[in-house]
file final10.cif (mmCIF, C-alpha atoms and all ligand atoms)
data_query
loop_
_atom_site.label_atom_id
_atom_site.label_comp_id
_atom_site.auth_asym_id
_atom_site.auth_seq_id
_atom_site.Cartn_x
_atom_site.Cartn_y
_atom_site.Cartn_z
CA MET A 207 44.01 24.52 96.53
CA ASN A 208 41.64 21.82 95.30
CA LYS A 209 42.58 19.43 92.55
CA ARG A 210 40.41 21.05 89.94
CA LYS A 211 41.88 24.49 90.56
CA PHE A 212 45.37 23.06 90.52
CA LEU A 213 44.79 21.35 87.19
CA LYS A 214 43.26 24.51 85.80
CA GLN A 215 46.34 26.51 86.76
CA LEU A 216 48.61 23.81 85.47
CA GLY A 217 46.76 23.96 82.18
CA LEU A 218 47.06 27.72 82.00
CA GLY A 219 50.72 27.49 82.86
CA SER A 220 51.40 25.03 80.09
CA PHE A 221 49.45 27.07 77.61
CA ALA A 222 51.25 30.19 78.69
CA ILE A 223 54.64 28.72 77.87
CA ALA A 224 53.45 28.19 74.32
CA ALA A 225 52.05 31.70 74.17
CA THR A 226 55.08 33.53 75.49
CA PRO A 227 57.07 33.73 72.25
CA THR A 228 53.99 35.19 70.57
CA LEU A 229 53.71 37.92 73.15
CA VAL A 230 57.34 38.85 72.78
CA SER A 231 57.51 38.43 69.02
CA SER A 232 54.84 41.09 68.53
CA CYS A 233 57.74 43.46 69.16
CA GLU A 234 59.54 43.52 65.87
CA SER A 235 62.88 44.95 66.80
CA THR A 236 63.49 43.74 70.32
CA THR A 237 64.25 40.39 71.88
CA PRO A 238 62.85 38.85 75.05
CA GLU A 239 66.06 39.93 76.78
CA ASP A 240 65.60 43.63 76.14
CA PHE A 241 61.82 43.93 76.38
CA LYS A 242 61.03 43.00 79.95
CA LEU A 243 57.75 42.09 81.57
CA TRP A 244 57.10 42.84 85.24
CA MET A 245 54.20 42.07 87.51
CA TRP A 246 53.10 43.52 90.83
CA VAL A 247 52.36 40.67 93.19
CA GLY A 248 50.76 41.70 96.46
CA GLY A 249 50.80 39.83 99.72
CA GLY A 250 52.13 40.14 103.22
CA ALA A 251 53.01 38.06 106.22
CA ASN A 252 49.91 35.88 106.06
CA LYS A 253 50.28 34.77 102.47
CA PRO A 254 51.37 31.13 102.39
CA GLU A 255 54.60 30.13 100.69
CA LYS A 256 52.62 27.76 98.49
CA GLU A 257 50.65 30.65 97.03
CA TRP A 258 53.78 32.71 96.29
CA ARG A 259 55.29 29.64 94.66
CA GLU A 260 52.30 29.04 92.39
CA GLN A 261 52.16 32.68 91.33
CA PHE A 262 55.89 33.11 90.71
CA THR A 263 56.00 29.80 88.85
CA ARG A 264 53.21 30.90 86.57
CA LEU A 265 54.90 34.24 85.88
CA SER A 266 58.19 32.52 85.17
CA GLU A 267 56.44 30.22 82.72
CA LEU A 268 54.79 33.20 81.07
CA GLY A 269 58.21 34.70 80.37
CA PHE A 270 58.08 37.48 82.95
CA TYR A 271 61.41 39.09 83.80
CA GLY A 272 60.66 40.24 87.31
CA VAL A 273 58.23 40.69 90.16
CA LEU A 274 57.46 43.75 92.28
CA ALA A 275 56.53 41.87 95.38
CA GLY A 276 54.63 42.99 98.46
CA GLY A 277 55.48 42.26 102.06
CA ASN A 278 58.14 43.17 104.60
CA VAL A 279 61.60 41.85 105.52
CA GLU A 280 60.05 38.66 106.92
CA THR A 281 58.08 38.07 103.71
CA LEU A 282 61.22 38.57 101.65
CA LYS A 283 62.87 35.65 103.43
CA THR A 284 60.32 33.50 101.63
CA THR A 285 59.91 35.34 98.37
CA VAL A 286 63.52 36.17 97.49
CA PRO A 287 64.88 32.58 97.37
CA LEU A 288 61.72 31.50 95.59
CA ALA A 289 61.99 34.14 92.88
CA LYS A 290 65.67 33.48 92.35
CA SER A 291 65.09 29.73 92.03
CA LEU A 292 62.61 30.47 89.25
CA GLY A 293 64.89 32.89 87.41
CA LEU A 294 62.87 35.99 88.29
CA GLU A 295 64.25 39.32 89.44
CA ILE A 296 62.57 40.43 92.64
CA HIS A 297 62.12 44.00 93.84
CA SER A 298 60.43 44.85 97.09
CA TRP A 299 57.30 46.95 96.54
CA GLN A 300 57.24 49.68 99.22
CA TRP A 301 54.75 52.46 99.93
CA VAL A 302 56.67 55.56 100.92
CA MET A 303 54.70 58.72 101.79
CA ASN A 304 51.16 57.32 102.07
CA ARG A 305 51.13 55.21 105.24
CA PRO A 306 47.59 54.14 106.10
CA GLY A 307 47.32 52.72 109.60
CA ASN A 308 51.08 52.80 110.14
CA LYS A 309 51.36 52.34 113.92
CA GLU A 310 54.93 53.63 114.30
CA ALA A 311 54.13 56.78 112.36
CA MET A 312 50.80 57.25 114.17
CA ALA A 313 52.72 57.51 117.44
CA HIS A 314 53.92 60.84 115.99
CA PRO A 315 50.82 62.70 114.78
CA GLU A 316 53.01 65.69 113.93
CA TRP A 317 54.68 63.64 111.16
CA TYR A 318 51.60 63.83 108.96
CA ALA A 319 51.16 66.27 106.11
CA VAL A 320 48.87 69.23 106.69
CA SER A 321 46.55 70.64 104.03
CA ARG A 322 46.20 74.28 103.06
CA ASN A 323 43.02 74.16 105.17
CA GLY A 324 45.10 73.22 108.20
CA ASP A 325 43.88 69.62 108.46
CA SER A 326 46.28 66.78 109.19
CA SER A 327 45.91 63.91 106.73
CA LEU A 328 46.06 61.60 109.74
CA ASP A 329 42.59 62.87 110.75
CA VAL A 330 41.08 64.11 107.51
CA ASN A 331 41.78 61.64 104.71
CA PRO A 332 41.65 63.29 101.29
CA TYR A 333 39.56 61.40 98.71
CA VAL A 334 39.78 57.95 100.33
CA GLY A 335 40.05 56.44 103.79
CA TYR A 336 43.46 54.92 103.08
CA TYR A 337 45.10 58.29 102.34
CA GLN A 338 47.30 59.20 105.32
CA TRP A 339 50.30 61.12 104.05
CA LEU A 340 53.52 61.88 105.86
CA CYS A 341 55.33 65.21 105.46
CA PRO A 342 58.44 64.73 103.30
CA SER A 343 60.24 67.79 104.71
CA LYS A 344 60.56 66.67 108.33
CA PRO A 345 64.01 65.22 109.12
CA GLU A 346 62.50 62.65 111.51
CA VAL A 347 60.09 61.43 108.80
CA GLN A 348 62.93 61.19 106.30
CA ASP A 349 65.05 59.24 108.78
CA TYR A 350 62.17 56.86 109.55
CA ILE A 351 61.50 56.22 105.86
CA ILE A 352 65.17 55.79 105.00
CA LYS A 353 65.68 53.39 107.90
CA GLY A 354 62.83 51.23 106.63
CA MET A 355 64.06 51.21 103.05
CA THR A 356 67.60 50.44 104.22
CA GLU A 357 66.39 47.41 106.17
CA ILE A 358 64.69 46.17 103.03
CA ALA A 359 67.80 46.82 100.92
CA GLU A 360 69.87 44.74 103.31
CA VAL A 361 67.96 41.56 102.51
CA GLU A 362 70.39 39.18 100.91
CA GLY A 363 69.62 38.20 97.35
CA LEU A 364 67.01 40.90 96.81
CA ASP A 365 67.50 42.76 93.51
CA GLY A 366 66.06 46.09 94.46
CA VAL A 367 63.53 48.34 96.13
CA GLN A 368 60.56 49.72 94.19
CA LEU A 369 59.04 52.88 95.63
CA ASP A 370 55.31 53.50 95.38
CA TYR A 371 53.33 56.54 96.62
CA VAL A 372 56.60 58.48 96.63
CA ARG A 373 54.87 61.80 96.18
CA TYR A 374 52.42 64.26 97.68
CA CYS A 375 48.71 63.58 97.85
CA ASP A 376 47.09 64.25 94.46
CA VAL A 377 46.46 68.00 94.45
CA ILE A 378 44.55 67.39 91.23
CA LEU A 379 43.22 64.02 90.14
CA PRO A 380 43.68 62.91 86.55
CA ARG A 381 40.63 63.95 84.50
CA GLY A 382 39.17 60.46 84.22
CA LEU A 383 38.70 60.25 88.00
CA TRP A 384 36.80 63.49 88.61
CA GLU A 385 33.35 61.97 88.26
CA LYS A 386 34.21 59.12 90.58
CA TYR A 387 34.87 61.63 93.38
CA ASP A 388 32.23 64.12 92.20
CA LEU A 389 34.80 66.88 91.75
CA VAL A 390 35.66 69.49 89.15
CA GLN A 391 39.37 70.02 89.76
CA ASP A 392 40.17 72.79 87.31
CA HIS A 393 42.29 74.41 90.04
CA GLU A 394 44.22 73.32 93.14
CA MET A 395 41.68 72.93 95.94
CA ALA A 396 42.90 73.74 99.47
CA GLU A 397 41.84 70.45 101.06
CA TYR A 398 43.99 68.46 98.61
CA ASP A 399 46.97 70.82 98.64
CA PHE A 400 49.88 69.76 100.93
CA CYS A 401 52.05 70.36 102.96
CA TYR A 402 51.51 73.46 105.06
CA CYS A 403 52.90 72.13 108.34
CA ASP A 404 55.13 74.38 110.43
CA THR A 405 58.28 72.58 109.25
CA CYS A 406 57.47 73.12 105.57
CA ARG A 407 56.38 76.73 106.01
CA ASN A 408 59.39 77.64 108.15
CA LYS A 409 61.86 75.93 105.84
CA PHE A 410 60.33 77.58 102.80
CA ARG A 411 60.22 80.96 104.50
CA SER A 412 63.88 80.75 105.46
CA GLU A 413 64.74 80.01 101.83
CA SER A 414 62.37 82.40 100.06
CA GLY A 415 61.57 85.11 102.60
CA TYR A 416 57.80 84.54 102.59
CA ASP A 417 55.16 82.19 103.96
CA PRO A 418 53.12 80.27 101.36
CA LEU A 419 50.00 80.90 103.42
CA ASP A 420 50.46 84.64 102.96
CA LEU A 421 50.14 84.27 99.20
CA GLU A 422 46.84 85.17 97.62
CA ASP A 423 47.00 82.01 95.51
CA PRO A 424 49.77 79.61 96.57
CA SER A 425 49.07 77.40 93.54
CA GLN A 426 50.47 80.10 91.26
CA ASP A 427 53.80 80.41 93.05
CA GLU A 428 56.59 78.77 91.09
CA GLN A 429 59.07 78.79 93.98
CA TRP A 430 56.61 77.08 96.34
CA ARG A 431 55.89 74.42 93.71
CA GLN A 432 59.61 73.87 93.20
CA PHE A 433 60.15 73.55 96.97
CA ARG A 434 57.77 70.61 97.02
CA TYR A 435 59.25 68.91 93.93
CA ASP A 436 62.64 69.21 95.63
CA SER A 437 61.35 67.88 98.92
CA ILE A 438 60.40 64.56 97.30
CA THR A 439 63.44 64.52 95.01
CA ASN A 440 65.80 64.99 97.96
CA LEU A 441 64.15 62.15 99.87
CA VAL A 442 64.30 59.79 96.89
CA ASN A 443 67.95 60.60 96.31
CA ARG A 444 68.77 59.97 99.97
CA ILE A 445 67.03 56.60 99.74
CA ALA A 446 68.95 55.91 96.52
CA LYS A 447 72.25 56.51 98.28
CA GLU A 448 71.48 53.90 100.94
CA VAL A 449 70.00 51.36 98.55
CA HIS A 450 72.89 51.69 96.11
CA ALA A 451 75.42 51.39 98.97
CA ARG A 452 73.96 47.93 99.50
CA ASP A 453 74.35 47.02 95.83
CA LYS A 454 70.62 47.03 95.21
CA LYS A 455 68.67 48.79 92.49
CA LEU A 456 66.11 51.51 93.12
CA SER A 457 63.01 52.11 91.03
CA ALA A 458 59.68 53.88 91.45
CA SER A 459 56.16 53.79 90.09
CA VAL A 460 55.26 57.33 89.15
CA PHE A 461 52.56 59.33 87.38
CA ALA A 462 52.29 59.07 83.61
CA THR A 463 54.70 61.75 82.36
CA PRO A 464 57.15 64.14 84.05
CA THR A 465 54.83 67.06 83.25
CA LEU A 466 51.65 65.45 84.57
CA ALA A 467 53.47 64.02 87.59
CA ARG A 468 54.67 67.49 88.61
CA LYS A 469 51.23 68.99 88.08
CA PHE A 470 49.18 66.35 89.92
CA VAL A 471 51.46 64.96 92.65
CA ARG A 472 54.67 67.07 92.67
CA GLN A 473 56.87 64.31 91.31
CA ALA A 474 59.88 65.53 89.29
CA TRP A 475 60.74 61.91 88.58
CA ASP A 476 62.98 62.57 85.59
CA GLU A 477 65.42 64.13 88.07
CA TRP A 478 65.52 61.23 90.51
CA ASP A 479 68.51 58.99 91.05
CA LEU A 480 66.72 55.79 90.03
CA ASP A 481 67.94 52.75 88.11
CA PHE A 482 64.66 52.49 86.22
CA VAL A 483 61.18 53.88 86.35
CA PHE A 484 57.61 52.62 85.99
CA PRO A 485 55.31 55.42 84.77
CA MET A 486 51.72 54.38 85.43
CA ILE A 487 50.26 55.26 82.06
CA TYR A 488 46.72 54.32 83.01
CA TYR A 489 45.14 56.03 80.04
CA ASP A 490 41.55 55.67 81.21
CA PHE A 491 42.40 57.46 84.49
CA TYR A 492 43.47 60.39 82.32
CA ALA A 493 40.35 60.12 80.11
CA GLU A 494 42.69 59.58 77.19
CA PRO A 495 42.45 57.15 74.29
CA ILE A 496 44.72 54.14 74.31
CA ASP A 497 47.34 55.78 72.09
CA PHE A 498 48.18 57.89 75.15
CA VAL A 499 50.24 54.84 76.14
CA ARG A 500 52.52 55.57 73.18
CA THR A 501 52.69 59.36 73.51
CA ALA A 502 53.20 59.36 77.29
CA THR A 503 55.82 56.62 77.05
CA ALA A 504 57.65 58.61 74.38
CA GLU A 505 57.55 61.76 76.53
CA GLY A 506 59.10 59.91 79.47
CA VAL A 507 61.74 58.24 77.32
CA LYS A 508 62.69 61.62 75.87
CA ALA A 509 62.90 63.25 79.32
CA LEU A 510 65.20 60.52 80.62
CA LYS A 511 67.62 61.07 77.71
CA GLY A 512 68.72 57.45 77.72
CA SER A 513 69.83 57.62 81.36
CA LYS A 514 67.78 54.62 82.47
CA PRO A 515 65.18 52.12 81.27
CA LEU A 516 61.51 53.05 81.36
CA TYR A 517 58.92 50.33 81.82
CA THR A 518 55.37 51.36 80.99
CA ALA A 519 53.01 50.32 83.78
CA GLN A 520 49.48 49.28 82.90
CA TYR A 521 46.43 48.59 85.03
CA LEU A 522 44.69 45.41 83.94
CA HIS A 523 41.36 46.19 85.59
CA ASP A 524 38.43 46.22 83.16
CA LYS A 525 40.65 45.82 80.13
CA THR A 526 39.54 43.77 77.19
CA THR A 527 41.89 41.35 75.54
CA GLU A 528 42.10 43.66 72.55
CA GLU A 529 43.02 46.62 74.73
CA VAL A 530 45.82 44.69 76.38
CA ALA A 531 47.23 43.70 73.00
CA VAL A 532 47.05 47.33 71.84
CA MET A 533 48.64 48.71 75.01
CA ILE A 534 51.62 46.41 74.50
CA LYS A 535 51.96 47.58 70.90
CA GLU A 536 51.64 51.26 71.84
CA ALA A 537 54.19 51.01 74.66
CA LYS A 538 56.69 49.47 72.26
CA ALA A 539 55.97 52.14 69.66
CA GLY A 540 56.70 54.79 72.30
CA GLY A 541 60.14 53.32 72.93
CA SER A 542 59.42 51.52 76.19
CA ASN A 543 61.86 48.97 77.57
CA GLY A 544 59.04 46.76 78.75
CA LEU A 545 55.75 46.59 80.57
CA ALA A 546 54.73 46.25 84.18
CA PHE A 547 51.22 45.03 84.92
CA TYR A 548 49.11 45.82 87.95
CA ASP A 549 48.45 43.30 89.26
CA TYR A 550 48.68 39.53 89.55
CA GLY A 551 45.13 39.22 90.92
CA LEU A 552 43.83 40.67 87.66
CA LEU A 553 46.03 38.36 85.64
CA ASN A 554 44.08 35.52 87.13
CA GLU A 555 40.87 36.91 85.76
CA ASP A 556 41.75 37.82 82.23
CA LYS A 557 45.39 37.63 81.32
CA ALA A 558 45.28 34.03 80.19
CA LYS A 559 42.67 35.07 77.67
CA VAL A 560 44.84 38.00 76.59
CA LEU A 561 47.69 35.67 75.83
CA GLU A 562 45.37 33.30 74.02
CA ASP A 563 44.05 36.09 71.84
CA LEU A 564 47.52 37.39 71.10
CA LYS A 565 48.53 33.93 70.04
CA ASN A 566 45.52 33.62 67.75
CA THR A 567 46.11 36.92 66.04
CA LYS A 568 49.57 35.91 64.86
ZN ZN A 601 55.21 69.49 106.01
#

call {"tool": "encode", "arguments": {"input": "final10.cif", "output": "structure tokens", "more": "lines below"}}
Ligand SMILES: [Zn+2]
result
Amino acid sequence: MNKRKFLKQLGLGSFAIAATPTLVSSCESTTPEDFKLWMWVGGGANKPEKEWREQFTRLSELGFYGVLAGGNVETLKTTVPLAKSLGLEIHSWQWVMNRPGNKEAMAHPEWYAVSRNGDSSLDVNPYVGYYQWLCPSKPEVQDYIIKGMTEIAEVEGLDGVQLDYVRYCDVILPRGLWEKYDLVQDHEMAEYDFCYCDTCRNKFRSESGYDPLDLEDPSQDEQWRQFRYDSITNLVNRIAKEVHARDKKLSASVFATPTLARKFVRQAWDEWDLDFVFPMIYYDFYAEPIDFVRTATAEGVKALKGSKPLYTAQYLHDKTTEEVAVMIKEAKAGGSNGLAFYDYGLLNEDKAKVLEDLKNTK
């Protein structure tokens, strides 16, 4: 980092300390201790320690409670002591079912989910090139995933594991994304509908007595939908058992509400054995106004029945300072326990200004 950049960050850091109480005080009935701020911070093996240090330091100064940090076991050897020294909780951010370019998994092509059209997502990537989904029903896939998550959970000092992409491929995209992919998804389209591999079909047939591919319209079959909710739920709960046995917390980033998550990606996340949850209430993805942050948060809070904290996740891309201020207010009004922002790289672009504006409006 050159001197000018360093001084700039130092300046922002100092300003941010002053701004933090303002950010928190906009919540009338909660204290900094019970309204928590989280940040996703990406980065793997090649990210220098110095960079992690600068970013974590800045977040600590801004009053953040915790980081959802990228990287593997090796990375955690650097990031865990660093986060702890700065008073931050650190949870390891892990992709679960979507495994783009995963060499170990690619040695087993049969591990990948198969669409209703019969295509493996290893070869035919739905929507985007980085979509390569594993089948959650195969015991060998479950064992591979659980082994990986267990290795992470064994890292000393780590606070927890945060699951991402713990779901099926989007069978339907949220409404705000249809134009981007030039699709009208008013029904479940076969090429985005998973998983119809032999394992899934045989397991379902042995439980129900029929093959989902024999149905005229598999999307209308309640039992087949439930099979897939359960497939992910069972995997999450097996991961939870291992993570909890190592005295670590388990959380997940999930779709906006339990209803929408079931419909779009087969996530029954209100039934999962998590310690807390991060619903990604990215209102513009859903073509909803910003008060969707409040209503979706409230729906999730209600579904959880007080069983665990819910932290409303927000995507900072293309957000104005005013929108960020409003999203914080709406999340609080919906009963959220805090906010998680995606991601640190976007904080660099506009978050300092957000904090400045929040300060000036008080
Ligand atoms: Zn399958």

call {"tool": "closest_atom_pairs", "arguments": {"input": "final10.cif", "of": "chain A", "to": "ligand ZN 601 (chain A)", "cutoff": "10 Å", "atoms": "only C-alpha atoms and all ligand atoms", "output": "Markdown table"}}
result
| residue | atom | partner | partner_atom | distance |
| --- | --- | --- | --- | --- |
| A:Glu316 | CA | A:ZN601 | ZN | 9.1 |
| A:Trp317 | CA | A:ZN601 | ZN | 7.8 |
| A:Tyr318 | CA | A:ZN601 | ZN | 7.3 |
| A:Ala319 | CA | A:ZN601 | ZN | 5.2 |
| A:Val320 | CA | A:ZN601 | ZN | 6.4 |
| A:Ser321 | CA | A:ZN601 | ZN | 9.0 |
| A:Ser326 | CA | A:ZN601 | ZN | 9.9 |
| A:Trp339 | CA | A:ZN601 | ZN | 9.9 |
| A:Leu340 | CA | A:ZN601 | ZN | 7.8 |
| A:Cys341 | CA | A:ZN601 | ZN | 4.3 |
| A:Pro342 | CA | A:ZN601 | ZN | 6.4 |
| A:Ser343 | CA | A:ZN601 | ZN | 5.5 |
| A:Lys344 | CA | A:ZN601 | ZN | 6.5 |
| A:Val347 | CA | A:ZN601 | ZN | 9.8 |
| A:Phe400 | CA | A:ZN601 | ZN | 7.4 |
| A:Cys401 | CA | A:ZN601 | ZN | 4.5 |
| A:Tyr402 | CA | A:ZN601 | ZN | 5.5 |
| A:Cys403 | CA | A:ZN601 | ZN | 4.2 |
| A:Asp404 | CA | A:ZN601 | ZN | 6.6 |
| A:Thr405 | CA | A:ZN601 | ZN | 5.4 |
| A:Cys406 | CA | A:ZN601 | ZN | 4.3 |
| A:Arg407 | CA | A:ZN601 | ZN | 7.3 |
| A:Asn408 | CA | A:ZN601 | ZN | 9.4 |
| A:Lys409 | CA | A:ZN601 | ZN | 9.3 |
| A:Arg434 | CA | A:ZN601 | ZN | 9.4 |
| A:Ser437 | CA | A:ZN601 | ZN | 9.5 |

call {"tool": "write_last_selection", "arguments": {"input": "final10.cif", "atoms": "C-alpha atoms", "output": "compact mmCIF listing (two decimals), in the coordinates of the input"}}
result
# COMPACT_ATOMS: atom_id res chain seq x y z
CA GLU A 316 53.01 65.69 113.93
CA TRP A 317 54.68 63.64 111.16
CA TYR A 318 51.60 63.83 108.96
CA ALA A 319 51.16 66.27 106.11
CA VAL A 320 48.87 69.23 106.69
CA SER A 321 46.55 70.64 104.03
CA SER A 326 46.28 66.78 109.19
CA TRP A 339 50.30 61.12 104.05
CA LEU A 340 53.52 61.88 105.86
CA CYS A 341 55.33 65.21 105.46
CA PRO A 342 58.44 64.73 103.30
CA SER A 343 60.24 67.79 104.71
CA LYS A 344 60.56 66.67 108.33
CA VAL A 347 60.09 61.43 108.80
CA PHE A 400 49.88 69.76 100.93
CA CYS A 401 52.05 70.36 102.96
CA TYR A 402 51.51 73.46 105.06
CA CYS A 403 52.90 72.13 108.34
CA ASP A 404 55.13 74.38 110.43
CA THR A 405 58.28 72.58 109.25
CA CYS A 406 57.47 73.12 105.57
CA ARG A 407 56.38 76.73 106.01
CA ASN A 408 59.39 77.64 108.15
CA LYS A 409 61.86 75.93 105.84
CA ARG A 434 57.77 70.61 97.02
CA SER A 437 61.35 67.88 98.92

call {"tool": "atom_distance", "arguments": {"input": "final10.cif", "atom1": "atom CA of A:Thr518", "atom2": "atom CA of A:Leu466"}}
result
15.0 Å

call {"tool": "closest_residue", "arguments": {"input": "final10.cif", "among": "A:Ile496, A:Ile487, A:Cys375, A:Leu282", "to": "A:Ser542", "atoms": "all atoms listed in the file"}}
result
A:Ile487

call {"tool": "atom_distance", "arguments": {"input": "final10.cif", "atom1": "atom CA of A:Ala311", "atom2": "atom CA of A:Ile351"}}
result
9.8 Å

call {"tool": "closest_residue", "arguments": {"input": "final10.cif", "among": "A:Trp384, A:Phe482, A:Tyr374, A:Tyr521", "to": "A:Asp399", "atoms": "all atoms listed in the file"}}
result
A:Tyr374

call {"tool": "closest_residue", "arguments": {"input": "final10.cif", "among": "A:Ser457, A:Gln261, A:Asn443, A:Asn278", "to": "A:Val483", "atoms": "only C-alpha atoms"}}
result
A:Ser457

call {"tool": "residues_around", "arguments": {"input": "final10.cif", "residues": "A:Gly506", "least_positions_apart": "4", "cutoff": "7 Å", "atoms": "all atoms listed in the file", "output": "compact mmCIF listing (two decimals) with C-alpha atoms, keeping the file's coordinate frame"}}
result
# COMPACT_ATOMS: atom_id res chain seq x y z
CA THR A 463 54.70 61.75 82.36
CA PRO A 464 57.15 64.14 84.05
CA ALA A 502 53.20 59.36 77.29
CA LEU A 510 65.20 60.52 80.62

call {"tool": "atom_distance", "arguments": {"input": "final10.cif", "atom1": "atom CA of A:Ala509", "atom2": "atom CA of A:Tyr435"}}
result
16.1 Å

call {"tool": "closest_residue", "arguments": {"input": "final10.cif", "among": "A:Gln348, A:Met312, A:Pro380, A:Arg305", "to": "A:Asp490", "atoms": "all atoms listed in the file"}}
result
A:Pro380

call {"tool": "axis_aligned_box", "arguments": {"input": "final10.cif", "around": "stretch 427-440 of chain A", "padding_each_side": "8 Å", "output": "AutoDock Vina command-line options"}}
result
--center_x 59.8 --center_y 72.5 --center_z 95.0 --size_x 28.0 --size_y 31.9 --size_z 23.8

call {"tool": "residues_around", "arguments": {"input": "final10.cif", "residues": "A:Leu456", "least_positions_apart": "5", "cutoff": "8 Å", "atoms": "all atoms listed in the file", "output": "number ranges by chain"}}
result
A: 366-369, 446, 449-450, 480-482

call {"tool": "residues_around", "arguments": {"input": "final10.cif", "residues": "A:Trp246", "least_positions_apart": "4", "cutoff": "10 Å", "atoms": "only C-alpha atoms", "output": "ChimeraX atom specification"}}
result
/A:272-276,297-299,519,546-551

call {"tool": "write_last_selection", "arguments": {"input": "final10.cif", "atoms": "C-alpha atoms", "output": "mmCIF file, in the coordinates of the input"}}
result
data_model
loop_
_atom_site.group_PDB
_atom_site.id
_atom_site.type_symbol
_atom_site.label_atom_id
_atom_site.label_comp_id
_atom_site.auth_asym_id
_atom_site.auth_seq_id
_atom_site.Cartn_x
_atom_site.Cartn_y
_atom_site.Cartn_z
ATOM 1 C CA GLY A 272 60.660 40.240 87.310
ATOM 2 C CA VAL A 273 58.230 40.690 90.160
ATOM 3 C CA LEU A 274 57.460 43.750 92.280
ATOM 4 C CA ALA A 275 56.530 41.870 95.380
ATOM 5 C CA GLY A 276 54.630 42.990 98.460
ATOM 6 C CA HIS A 297 62.120 44.000 93.840
ATOM 7 C CA SER A 298 60.430 44.850 97.090
ATOM 8 C CA TRP A 299 57.300 46.950 96.540
ATOM 9 C CA ALA A 519 53.010 50.320 83.780
ATOM 10 C CA ALA A 546 54.730 46.250 84.180
ATOM 11 C CA PHE A 547 51.220 45.030 84.920
ATOM 12 C CA TYR A 548 49.110 45.820 87.950
ATOM 13 C CA ASP A 549 48.450 43.300 89.260
ATOM 14 C CA TYR A 550 48.680 39.530 89.550
ATOM 15 C CA GLY A 551 45.130 39.220 90.920
#

call {"tool": "closest_residue", "arguments": {"input": "final10.cif", "among": "A:Asp427, A:Glu413, A:Asp370, A:Glu394", "to": "A:Met303", "atoms": "all atoms listed in the file"}}
result
A:Asp370

call {"tool": "closest_residue", "arguments": {"input": "final10.cif", "among": "A:Glu448, A:Glu477, A:Asp240, A:Glu267", "to": "A:Ile352", "atoms": "only C-alpha atoms"}}
result
A:Glu448

call {"tool": "residues_around", "arguments": {"input": "final10.cif", "residues": "A:Asp388", "least_positions_apart": "4", "cutoff": "12 Å", "atoms": "all atoms listed in the file", "output": "VMD selection string"}}
result
chain A and resid 333 379 381 to 384

call {"tool": "write_last_selection", "arguments": {"input": "final10.cif", "atoms": "C-alpha atoms", "output": "mmCIF file, in the frame of the given file"}}
result
data_model
loop_
_atom_site.group_PDB
_atom_site.id
_atom_site.type_symbol
_atom_site.label_atom_id
_atom_site.label_comp_id
_atom_site.auth_asym_id
_atom_site.auth_seq_id
_atom_site.Cartn_x
_atom_site.Cartn_y
_atom_site.Cartn_z
ATOM 1 C CA TYR A 333 39.560 61.400 98.710
ATOM 2 C CA LEU A 379 43.220 64.020 90.140
ATOM 3 C CA ARG A 381 40.630 63.950 84.500
ATOM 4 C CA GLY A 382 39.170 60.460 84.220
ATOM 5 C CA LEU A 383 38.700 60.250 88.000
ATOM 6 C CA TRP A 384 36.800 63.490 88.610
#

call {"tool": "residues_around", "arguments": {"input": "final10.cif", "residues": "A:Pro254", "least_positions_apart": "4", "cutoff": "12 Å", "atoms": "all atoms listed in the file", "output": "ChimeraX atom specification"}}
result
/A:207,249-250,258-261,277,281,284-285

call {"tool": "build_atoms", "arguments": {"input": "final10.cif", "residues": "stretch 346-354 of chain A", "atoms": "N, CA and C atoms", "output": "PDB file, in the frame of the given file"}}
result
ATOM      1  N   GLU A 346      62.816  63.908 110.806  1.00  0.00           N
ATOM      2  CA  GLU A 346      62.500  62.650 111.510  1.00  0.00           C
ATOM      3  C   GLU A 346      61.682  61.703 110.627  1.00  0.00           C
ATOM      4  N   VAL A 347      60.842  62.271 109.751  1.00  0.00           N
ATOM      5  CA  VAL A 347      60.090  61.430 108.800  1.00  0.00           C
ATOM      6  C   VAL A 347      61.054  60.836 107.774  1.00  0.00           C
ATOM      7  N   GLN A 348      61.945  61.677 107.279  1.00  0.00           N
ATOM      8  CA  GLN A 348      62.930  61.190 106.300  1.00  0.00           C
ATOM      9  C   GLN A 348      63.759  60.061 106.896  1.00  0.00           C
ATOM     10  N   ASP A 349      64.221  60.266 108.133  1.00  0.00           N
ATOM     11  CA  ASP A 349      65.050  59.240 108.780  1.00  0.00           C
ATOM     12  C   ASP A 349      64.270  57.935 108.956  1.00  0.00           C
ATOM     13  N   TYR A 350      63.014  58.050 109.350  1.00  0.00           N
ATOM     14  CA  TYR A 350      62.170  56.860 109.550  1.00  0.00           C
ATOM     15  C   TYR A 350      61.987  56.108 108.229  1.00  0.00           C
ATOM     16  N   ILE A 351      61.704  56.849 107.171  1.00  0.00           N
ATOM     17  CA  ILE A 351      61.500  56.220 105.860  1.00  0.00           C
ATOM     18  C   ILE A 351      62.801  55.576 105.377  1.00  0.00           C
ATOM     19  N   ILE A 352      63.886  56.304 105.496  1.00  0.00           N
ATOM     20  CA  ILE A 352      65.170  55.790 105.000  1.00  0.00           C
ATOM     21  C   ILE A 352      65.597  54.546 105.788  1.00  0.00           C
ATOM     22  N   LYS A 353      65.349  54.569 107.084  1.00  0.00           N
ATOM     23  CA  LYS A 353      65.680  53.390 107.900  1.00  0.00           C
ATOM     24  C   LYS A 353      64.917  52.160 107.405  1.00  0.00           C
ATOM     25  N   GLY A 354      63.642  52.341 107.128  1.00  0.00           N
ATOM     26  CA  GLY A 354      62.830  51.230 106.630  1.00  0.00           C
ATOM     27  C   GLY A 354      63.305  50.709 105.292  1.00  0.00           C
TER      28      GLY A 354
END
